[in-house]
Amino acid sequence: DECEKFDESEGGRSLTIDLPLSRVHAYGGGALLMKKLEQAQAPSHYLKVYFWGKIKARDQRPGYVVEIEALDNLVFKAIAR
């Protein structure tokens, strides 16, 4: 994994999904994605994300960004600890 070569304290291992809410709301399964996000914000929960897309280095900051062409390629799973 390319992220392993970066020091965590420099933010080089960060992986960001930039996803405008307007895109989520326009997607047929957007309500389900939003529900999973809300569930993951509850105490003692976290969000596990599965996706199919491209991982690219960020332009002006350390770390990586995910590019997802179709939201059908994105799954959120709220997990209770």
# chains A, B, ... in the order shown; residues from 1 in each chain; ligands from 1

call {"tool": "select_by_dssp", "arguments": {"residues": "chain A", "states": "strand (DSSP E or B)", "output": "mmCIF file with N, CA, C and O atoms, in the first residue's frame"}}
result
data_model
loop_
_atom_site.group_PDB
_atom_site.id
_atom_site.type_symbol
_atom_site.label_atom_id
_atom_site.label_comp_id
_atom_site.auth_asym_id
_atom_site.auth_seq_id
_atom_site.Cartn_x
_atom_site.Cartn_y
_atom_site.Cartn_z
ATOM 1 N N LEU A 15 -6.554 9.542 3.895
ATOM 2 C CA LEU A 15 -7.289 9.187 2.681
ATOM 3 C C LEU A 15 -8.642 9.878 2.772
ATOM 4 O O LEU A 15 -9.406 9.640 3.701
ATOM 5 N N THR A 16 -8.932 10.762 1.829
ATOM 6 C CA THR A 16 -10.123 11.590 1.868
ATOM 7 C C THR A 16 -11.055 11.229 0.727
ATOM 8 O O THR A 16 -10.605 10.983 -0.391
ATOM 9 N N ILE A 17 -12.351 11.207 1.028
ATOM 10 C CA ILE A 17 -13.371 11.066 -0.003
ATOM 11 C C ILE A 17 -14.103 12.397 -0.058
ATOM 12 O O ILE A 17 -14.814 12.755 0.876
ATOM 13 N N HIS A 45 -20.044 4.172 17.993
ATOM 14 C CA HIS A 45 -20.156 3.678 16.621
ATOM 15 C C HIS A 45 -19.050 4.286 15.755
ATOM 16 O O HIS A 45 -18.488 5.309 16.096
ATOM 17 N N TYR A 46 -18.754 3.622 14.664
ATOM 18 C CA TYR A 46 -17.839 4.180 13.677
ATOM 19 C C TYR A 46 -18.324 3.767 12.294
ATOM 20 O O TYR A 46 -19.221 2.934 12.157
ATOM 21 N N LEU A 47 -17.746 4.340 11.276
ATOM 22 C CA LEU A 47 -18.173 4.095 9.900
ATOM 23 C C LEU A 47 -17.089 3.334 9.163
ATOM 24 O O LEU A 47 -15.926 3.732 9.140
ATOM 25 N N LYS A 48 -17.470 2.220 8.554
ATOM 26 C CA LYS A 48 -16.578 1.458 7.697
ATOM 27 C C LYS A 48 -17.005 1.762 6.265
ATOM 28 O O LYS A 48 -18.193 1.751 5.955
ATOM 29 N N VAL A 49 -16.047 2.068 5.403
ATOM 30 C CA VAL A 49 -16.337 2.476 4.030
ATOM 31 C C VAL A 49 -15.696 1.497 3.067
ATOM 32 O O VAL A 49 -14.504 1.183 3.184
ATOM 33 N N TYR A 50 -16.488 1.026 2.118
ATOM 34 C CA TYR A 50 -16.006 0.182 1.036
ATOM 35 C C TYR A 50 -16.249 0.935 -0.265
ATOM 36 O O TYR A 50 -17.294 1.558 -0.434
ATOM 37 N N PHE A 51 -15.289 0.899 -1.166
ATOM 38 C CA PHE A 51 -15.473 1.617 -2.418
ATOM 39 C C PHE A 51 -14.661 0.973 -3.531
ATOM 40 O O PHE A 51 -13.712 0.228 -3.294
ATOM 41 N N LYS A 54 -10.528 5.216 -7.816
ATOM 42 C CA LYS A 54 -9.106 5.508 -7.964
ATOM 43 C C LYS A 54 -8.610 6.268 -6.742
ATOM 44 O O LYS A 54 -9.282 7.160 -6.243
ATOM 45 N N ILE A 55 -7.422 5.914 -6.296
ATOM 46 C CA ILE A 55 -6.764 6.623 -5.208
ATOM 47 C C ILE A 55 -5.624 7.413 -5.838
ATOM 48 O O ILE A 55 -4.759 6.838 -6.500
ATOM 49 N N LYS A 56 -5.650 8.728 -5.628
ATOM 50 C CA LYS A 56 -4.627 9.594 -6.215
ATOM 51 C C LYS A 56 -4.005 10.462 -5.135
ATOM 52 O O LYS A 56 -4.671 10.808 -4.150
ATOM 53 N N ALA A 57 -2.754 10.829 -5.346
ATOM 54 C CA ALA A 57 -2.085 11.753 -4.419
ATOM 55 C C ALA A 57 -2.772 13.107 -4.490
ATOM 56 O O ALA A 57 -3.200 13.541 -5.563
ATOM 57 N N TYR A 64 -3.872 11.304 0.322
ATOM 58 C CA TYR A 64 -4.508 10.797 -0.883
ATOM 59 C C TYR A 64 -5.981 11.160 -0.904
ATOM 60 O O TYR A 64 -6.590 11.408 0.126
ATOM 61 N N VAL A 65 -6.551 11.139 -2.087
ATOM 62 C CA VAL A 65 -7.969 11.406 -2.267
ATOM 63 C C VAL A 65 -8.554 10.281 -3.120
ATOM 64 O O VAL A 65 -7.881 9.735 -3.997
ATOM 65 N N VAL A 66 -9.796 9.926 -2.835
ATOM 66 C CA VAL A 66 -10.499 8.870 -3.572
ATOM 67 C C VAL A 66 -11.395 9.513 -4.616
ATOM 68 O O VAL A 66 -12.122 10.455 -4.312
ATOM 69 N N GLU A 67 -11.340 8.993 -5.815
ATOM 70 C CA GLU A 67 -12.244 9.430 -6.872
ATOM 71 C C GLU A 67 -13.207 8.288 -7.175
ATOM 72 O O GLU A 67 -12.782 7.213 -7.582
ATOM 73 N N LEU A 74 -19.929 2.722 -3.820
ATOM 74 C CA LEU A 74 -19.633 3.192 -2.476
ATOM 75 C C LEU A 74 -20.624 2.557 -1.492
ATOM 76 O O LEU A 74 -21.831 2.575 -1.716
ATOM 77 N N VAL A 75 -20.078 1.987 -0.416
ATOM 78 C CA VAL A 75 -20.907 1.362 0.620
ATOM 79 C C VAL A 75 -20.467 1.885 1.969
ATOM 80 O O VAL A 75 -19.276 1.890 2.285
ATOM 81 N N PHE A 76 -21.416 2.344 2.777
ATOM 82 C CA PHE A 76 -21.167 2.746 4.156
ATOM 83 C C PHE A 76 -21.766 1.694 5.077
ATOM 84 O O PHE A 76 -22.879 1.229 4.856
ATOM 85 N N LYS A 77 -21.031 1.354 6.123
ATOM 86 C CA LYS A 77 -21.542 0.405 7.112
ATOM 87 C C LYS A 77 -21.261 0.983 8.499
ATOM 88 O O LYS A 77 -20.110 1.187 8.878
ATOM 89 N N ALA A 78 -22.325 1.257 9.241
ATOM 90 C CA ALA A 78 -22.202 1.754 10.607
ATOM 91 C C ALA A 78 -21.939 0.554 11.530
ATOM 92 O O ALA A 78 -22.675 -0.423 11.498
ATOM 93 N N ILE A 79 -20.904 0.657 12.337
ATOM 94 C CA ILE A 79 -20.490 -0.440 13.205
ATOM 95 C C ILE A 79 -20.551 0.006 14.668
ATOM 96 O O ILE A 79 -20.022 1.066 15.022
ATOM 97 N N ALA A 80 -21.184 -0.799 15.499
ATOM 98 C CA ALA A 80 -21.203 -0.546 16.944
ATOM 99 C C ALA A 80 -19.965 -1.172 17.546
ATOM 100 O O ALA A 80 -19.605 -2.303 17.229
#

call {"tool": "select_by_dssp", "arguments": {"residues": "stretch 17-79 of chain A", "states": "alpha helix (DSSP H)", "output": "JSON, numbers by chain"}}
result
{"A": [21, 22, 23, 24, 25, 26, 30, 31, 32, 33, 34, 35, 36, 37, 38, 39, 40]}

call {"tool": "write_last_selection", "arguments": {"atoms": "C-alpha atoms", "output": "PDB file, in the first residue's frame"}}
result
ATOM      1  CA  LEU A  21     -23.983  16.364  -0.432  1.00  0.00           C
ATOM      2  CA  SER A  22     -25.766  17.535  -3.588  1.00  0.00           C
ATOM      3  CA  ARG A  23     -24.372  14.483  -5.372  1.00  0.00           C
ATOM      4  CA  VAL A  24     -25.475  12.165  -2.549  1.00  0.00           C
ATOM      5  CA  HIS A  25     -29.002  13.623  -2.494  1.00  0.00           C
ATOM      6  CA  ALA A  26     -29.305  13.299  -6.298  1.00  0.00           C
ATOM      7  CA  GLY A  30     -28.519   8.725  -1.218  1.00  0.00           C
ATOM      8  CA  ALA A  31     -31.027   8.483   1.630  1.00  0.00           C
ATOM      9  CA  LEU A  32     -29.513   5.164   2.712  1.00  0.00           C
ATOM     10  CA  LEU A  33     -25.981   6.602   2.604  1.00  0.00           C
ATOM     11  CA  MET A  34     -27.082   9.543   4.742  1.00  0.00           C
ATOM     12  CA  LYS A  35     -28.816   7.204   7.214  1.00  0.00           C
ATOM     13  CA  LYS A  36     -25.606   5.185   7.610  1.00  0.00           C
ATOM     14  CA  LEU A  37     -23.631   8.387   8.218  1.00  0.00           C
ATOM     15  CA  GLU A  38     -26.096   9.403  10.938  1.00  0.00           C
ATOM     16  CA  GLN A  39     -25.923   5.954  12.560  1.00  0.00           C
ATOM     17  CA  ALA A  40     -22.113   6.107  12.612  1.00  0.00           C
TER      18      ALA A  40
END

call {"tool": "atom_distance", "arguments": {"atom1": "atom CA of A:Ser44", "atom2": "atom CA of A:Asp72"}}
result
27.4 Å
